[in-house]
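One structure below.
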Amino acid sequence: MATKKKSSFFSLVGAIMGTPADVVKARMMNQPTDAQGCGLLYKSSWQCLSATIKNEGFFGLYKGFVPCWLRMAPWSLTFWLSYEQIRKFFGAPSWGA
């Protein structure tokens, strides 16, 4: 049970921390480019970040948060369950101990 709660917590923290970077990366990669391949909307990630906050507010950085969290939750659960079993197999004490 503790591992399930731990995986839910870590997937939530991961989504909170990672979604803004994912939004900026997606916008940088999907912006239109000129003939030389330079972006027409943003010149840098920092400019994209500041433009997003200015135009959409801080929570504009969290578009796609729920799908991101739902994608991370199964991975996190699988990782922590596997990690605990590997630790147990090699004789390492459990995190809960």
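Numbering starts fresh at 1 for the residues of each chain in the structure tokens, the chains themselves are lettered A, B, ... in the order given, and ligands are numbered from 1 as they appear.
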
Considering only C-alpha atoms, return as a PDB file with C-alpha atoms, in the first residue's frame whatever protein or nucleic-acid residues lie within 9 Å of A:Ser76, sequence-local ones (same chain, fewer than 3 positions apart) excluded.
```pdb
ATOM      1  CA  LYS A   6       4.566   6.701  -3.019  1.00  0.00           C
ATOM      2  CA  SER A   7       4.108   6.173  -6.762  1.00  0.00           C
ATOM      3  CA  SER A   8       1.061   8.461  -6.815  1.00  0.00           C
ATOM      4  CA  PHE A  10       6.066  10.871  -7.244  1.00  0.00           C
ATOM      5  CA  SER A  11       4.016  10.890 -10.431  1.00  0.00           C
ATOM      6  CA  MET A  72       3.360   9.000 -15.543  1.00  0.00           C
ATOM      7  CA  ALA A  73       1.271   7.215 -12.888  1.00  0.00           C
ATOM      8  CA  PHE A  79       9.054   1.388 -11.307  1.00  0.00           C
ATOM      9  CA  TRP A  80       8.581   1.506  -7.534  1.00  0.00           C
ATOM     10  CA  LEU A  81       7.079  -1.981  -7.322  1.00  0.00           C
TER      11      LEU A  81
END
```

If we count only C-alpha atoms, what is near stretch 52-56 of chain A at a cut-off of 12 Å, once residues fewer than 4 positions away on the same chain are taken out, given as a ChimeraX atom specification? /A:20-21,23-25,27-28,41-42,45-48,60-63

Self-check item: Residues flagged alpha helix (DSSP H) by DSSP in chain A, as a PyMOL selection string
Solution: chain A and resi 2-30+45-56+65-89

d(atom CA of A:Thr19, atom CA of A:Ser44) in Å: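 It comes out at 17.8 Å.
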
One decimal, Å: what's the distance from atom CA of A:Gly57 over to atom CA of A:Gly18, could you say?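 For atom CA of A:Gly57 relative to atom CA of A:Gly18, the distance reads 17.4 Å.
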
Between atom CA of A:Phe58 and atom CA of A:Asp34, distance in Å (one decimal):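 Atom-to-atom, atom CA of A:Phe58 and atom CA of A:Asp34 are spaced 28.8 Å apart.
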